[in-house]
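Worksheet: one structure, shown below.
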Amino acid sequence: MIDKFKTSFREESRELLAQLEDTLLELESDPGDAELINAAFRAFHTIKGSSSMFGYEAIGHFTHDIETILDRCRNGELAITKDFIGMALVARDHILSLLEHEEEPPADLMQEGNLLLSRLREFAGMPTATESAAEQVRPPEQGSAPVSAGLARTFRIQFKPGPDIFKNGTKVLNLIEELAGLGSADVFPHVETIPPLESIDPERCYCRWDVMLTTERDLNAIRDVFIFVEDQCELKIEKLPPEDGAEAGAPPHRLGDILLERGELSPADLSEALSSQKRLGEVLVEKHILSKPQVESALVEQKHIQKTQLHGDQGLGSIRVASDKLDALVDLVGELVTLQARLSQTALDIKDASLGSIAEQFERLIAQLRDNTMVMRMLPIGSTFNKFRRLVRDLSIELGKEAELVTEGAETELDKTVIEKLGDPLVHIIRNSIDHGIEDPDRREREGKPRRGSIKLAASHSGAYVLIQVSDDGKGLDRDAIRNKGIERGIVSASQELPEQELYQLIFAPGFSTAKAVTTVSGRGVGMDVVKREIDSLGGSVHLATQPGKGMTVTLKIPLTLAIIEGLLVRIANEFYVVPLSSVDGCIEVTRKELAEKGERRIISYREELVPYVLLREAFDSGGEEPEIEQMVIASGQDSRVGFVVDQVVGDYQTVIKPLGRMYRDIDGISGATILGDGTVALILDVNRLAASAQRGGSLRAAEGA
């Protein structure tokens with residue numbers, strides 16, 4: 001059982017650390033933001049408290065000093081600097097590494113942590129002497145560890161500071177804020193004793209506070225908040241009893257009961273007030289039994305208890321599910337889609353009306369199940385975008401440049417498997433933008449640009465695709481440098497004139513780089529090659545747009561999902577193929593005579609546009625006799641249209657994508673397979689590869705080097 005909780009702790013800690021990285025990067029831009037400092041402090045504090053409880057003593061010890069430093073930053077004793085943010089980010093990475101070691105972490109990792117702590121202590125002016133072995137593992141602070149999950153309790157806290165509490169430097173509002181950070185809190189300030197402005201002594205405290213706190217922490221954790229001011233205040237903390245013992249049907253959390261519990265109202269006064277037709281609170285104030293603030297404070301308590309009970313009754317708004325379980329669910333839905341196709345085919349073959357009706361209803365239910373399952377796998381791409389803020393920061397420092405990341409459309413959703421495969425391509429594009437695109441700050445200033453360059457990550461939906469754009473305001477692509485490098489590599493001849501877009505596509509060739517020297521960031525020509533290969537494997541495309549001196553935009557066009565897609569089923573002889581429906585523009589009929597007249601010139605006119613086409617019978621060596629009238633599917637690929645000549649267009653088909661085996665993964669023109677209703681295997685066409693083959697004017701077999 002404890003292993004289950006440890007796994008949950010590690011997952012939650014990784015989420016906290018991801019949020020912490022974003023917080024620290026925002027704090028670097030706005031070091032005076034108190035809320036960001038508090039958020040960073042709470043993240044380290046939460047990790048420290050939970051880590052000791054689950055046996056990760058090294059993490060608890062490591063985070064203690066960082067928490068102390070951030071606390072001093074909260075109190076205004078230390079300033080947030082760029083160096084501190086850098087060390088805090090490295091500390092966050094170190095905690096991530098420590099999470100991988102349940103037992104004693106390796107000596108080199110511990111030494112790395114001790115060196116980092118020494119730097120942090122030096123920054124804060126704290127002692128940097130090496131602590132004794134006995135101090136390396138500290139027991140968790142009393143009251144700091146949370147109680148078992150799900151055991152939330154509600155406390156009524158009445159806090160009345162002494163009138164002279166300000167004179168020793170105590171910031172009362174910081175205590176209230178720290179208290180609220182322990183859970184869900186509602187705070188009511190009593191301000192009725194504040195005198196008129198001309199009579200106020202700024203060194204005296206006139207207020208007191210009632211706080212309703214629902215938390216999983218225990219009583220000691222609440223008292224720890226006031227540990228340094230207990231002798232300078234009146235403090236009353238009461239744990240409220242649960243509502244389980246209330247009579248059935250009785251309205252819970254009545255105002256009169258709350259006032260009786262507080263001791264502010266007697267039973268006799270309550271009975272007298274209830275006999276009136278007015279609201280209880282109004283009667284008590286009108287008869288001067290209680291003051292208006294006392295009633296308002298009790299109403300705040302009533303709403304707080306009702307709110308927390310309501311949330312408890314509703315249960316969890318979301319649950320954590322392991323990704324492999326979601327994958328298994330999608331696989332099962334895929335099998336059901338295949339089974340539904342088989343049922344529909346059987347109903348069609350035997351022409352049974354009852355079975356046909358069942359098949360239609362089953363098809364509708366499967367379509368709903370498929371859509372709901374795919375929605376569960378959809379994640380906002382913002383989670384991926386945020387990871388690159390750190391990359392931009394670190395790479396800018398390494399290259400001596402200034403750059404910031406701007407994001408747009410972070411709420412755009414994609415299948416999680418697609419998001420996972422987008423990481424590497426986006427890393428290479430952003431590295432390329434900073435290294436080759438963004439100029440040095442001095443040069444940018446001379447050219448009238450801001451010293452700090454901008455890299456923009458944007459995402460938006462476009463039909464069954466998502467468009468992801470990476471833009472920079474740097475110098476753009478150098479057309480002449482790319483052309484000269486292409487001639488040098490033998491990719492193009494000196495006399496050959498390429499269209500602009502085709503010339504820019506040369507940067508995706510393996511080993512192609514215009515860098516004059518190999519560095520840790522660029523020069524080997526592998527980055528953009530990876531981008532092209534990965535996006536092609538996703539069934540997407542890459543488009544470049546650039547303006548000299550103004551920047552470059554790389555647009556990735558990615559399908560929403562890679563699991564179940566709508567397809568167009570086509571037949572050649574006895575073989576079946578699927579064209580992704582999102583790529584299909586239309587279908588036309590062509591005769592064998594019409595194609596024969598075109599000879600080797602495989603171009604056809606479609607909607608006032610010349611479109612190259614591929615004879616799939618020839619490309620896949622299907623054999624069989626060609627029909628007199630064939631059909632051509634017009635699809636979009638490589639930012640242009642291409643036609644596929646087939647014997648018959650069968651119709652729409654829900655396609656469950658099955659990966660090809662190792663022996664067939666590198667076959668050009670095929671991206672996967674699916675199983676039809678009768679058990680036949682149909683191959684899924686790779687529209688981009690086939691389009692590239694058609695644009696080169698050669699057959700697919702020639703493109704493969706066959």
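Residues in the structure tokens are numbered from 1 in each chain, the chains being A, B, ... in the order shown, and ligands are numbered from 1 in the order shown.
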
**OP:** Among the residues of range 480-661 of chain A, find those DSSP assigns to strand (DSSP E) from the backbone and print them as number ranges by chain.
**Re:** A: 541-547, 551-559, 564-572, 575-580, 584-591, 603-606, 609-615, 629-637, 640-646, 648-656

**OP:** Might you pull out every residue within 10 Å of Leu70 in chain A, with only C-alpha atoms counted and same-chain residues fewer than 6 positions away left off, and present them as a PyMOL selection string?
**Re:** chain A and resi 37-38+40-42+44-45+76-80+88+124

Residue subset to file, keeping C-alpha atoms, as a compact mmCIF listing (two decimals), in the first residue's frame:
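Okay, again_17.txt is ready:
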```txt
# COMPACT_ATOMS: atom_id res chain seq x y z
CA ILE A 37 7.42 34.52 -4.45
CA ASN A 38 4.70 33.02 -2.26
CA ALA A 40 7.51 29.36 -5.20
CA PHE A 41 7.77 29.19 -1.41
CA ARG A 42 4.61 27.06 -1.16
CA PHE A 44 9.19 24.02 -1.95
CA HIS A 45 7.35 23.89 1.39
CA GLY A 76 11.88 41.68 1.93
CA GLU A 77 15.23 40.76 3.51
CA LEU A 78 16.69 39.45 0.23
CA ALA A 79 16.21 40.61 -3.35
CA ILE A 80 15.36 38.18 -6.14
CA ALA A 88 16.70 27.87 -7.94
CA ALA A 124 21.84 34.55 1.33
```

Subject >> Test item: residues at most 9 Å from range 655-658 of chain A, only C-alpha atoms, excluding those fewer than 2 positions along its chain, as a PyMOL selection string >> reply: chain A and resi 331+334-335+337-338+562-568+578+580+653+660+671-676+684

Would you output that residue set with C-alpha atoms, as a short mmCIF file (atom, residue, chain, number, x, y, z; two decimals), in the first residue's frame?
```cif
data_model
loop_
_atom_site.label_atom_id
_atom_site.label_comp_id
_atom_site.auth_asym_id
_atom_site.auth_seq_id
_atom_site.Cartn_x
_atom_site.Cartn_y
_atom_site.Cartn_z
CA ASP A 331 -7.02 -0.30 -28.14
CA GLY A 334 -10.35 0.06 -31.80
CA GLU A 335 -11.24 -3.62 -31.59
CA VAL A 337 -14.76 -0.45 -34.22
CA THR A 338 -13.38 -3.40 -36.20
CA LEU A 562 -2.99 8.89 -34.64
CA ALA A 563 -5.28 6.18 -33.22
CA ILE A 564 -8.66 6.15 -35.03
CA ILE A 565 -9.32 8.26 -38.12
CA GLU A 566 -11.98 8.63 -40.77
CA GLY A 567 -10.74 7.20 -44.07
CA LEU A 568 -11.79 6.69 -47.66
CA VAL A 578 -7.29 3.72 -47.11
CA PRO A 580 -7.10 9.64 -44.72
CA TYR A 653 -14.49 3.85 -43.37
CA LEU A 660 3.41 -2.09 -39.36
CA SER A 671 1.96 4.73 -42.98
CA GLY A 672 0.10 1.84 -41.35
CA ALA A 673 -2.61 -0.78 -41.77
CA THR A 674 -6.17 -1.51 -40.66
CA ILE A 675 -8.45 -4.56 -40.53
CA LEU A 676 -11.69 -4.52 -42.52
CA ILE A 684 -3.14 3.22 -45.13
#
```

Original post:
Excluding same-chain residues fewer than 3 positions from range 108-116 of chain A, what lies within 8 Å of it counting only C-alpha atoms, as a list in words?
Top reply: Phe62, Met87, Ala91, His94, Leu98, Pro105, Arg119 and Leu120 of chain A

**OP:** Give me the residues within 9 Å of Ile558 in chain A as an NGL selection string, counting only C-alpha atoms and dropping any in the same chain fewer than 6 places off.
**Re:** :A and (418 or 464-468 or 535 or 538-541)

**OP:** Give the alpha helix (DSSP H) residues of range 280-510 of chain A, as DSSP finds them on the backbone, and put them as a ChimeraX atom specification.
**Re:** /A:280-286,292-314,323-350,353-376,382-385,387-399,416-432,441-446,479-489,500-504

Original post:
Near range 437-453 of chain A, counting only C-alpha atoms, which residues have an atom at most 6 Å away, once you skip same-chain residues fewer than 5 positions from it, shown as a list in words?
Top reply: Lys401, Glu402, Ala403, Gly474, Lys475 and Gly476 of chain A

Original post:
Near range 317-327 of chain A, counting only C-alpha atoms, which residues have an atom at most 10 Å away, once you skip same-chain residues fewer than 2 positions from it, shown as JSON, numbers by chain?
Top reply: {"A": [8, 11, 311, 314, 315, 329, 330, 331, 332, 333, 373, 374, 376, 377, 416, 417, 563]}

Subject >> Shortest interatomic distance to Pro627 in chain A - which of A:Asp480, A:Asp424, A:Glu589, A:Asp647, counting only C-alpha atoms >> reply: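 Counting only C-alpha atoms, the residue closest to Pro627 in chain A is A:Asp647.
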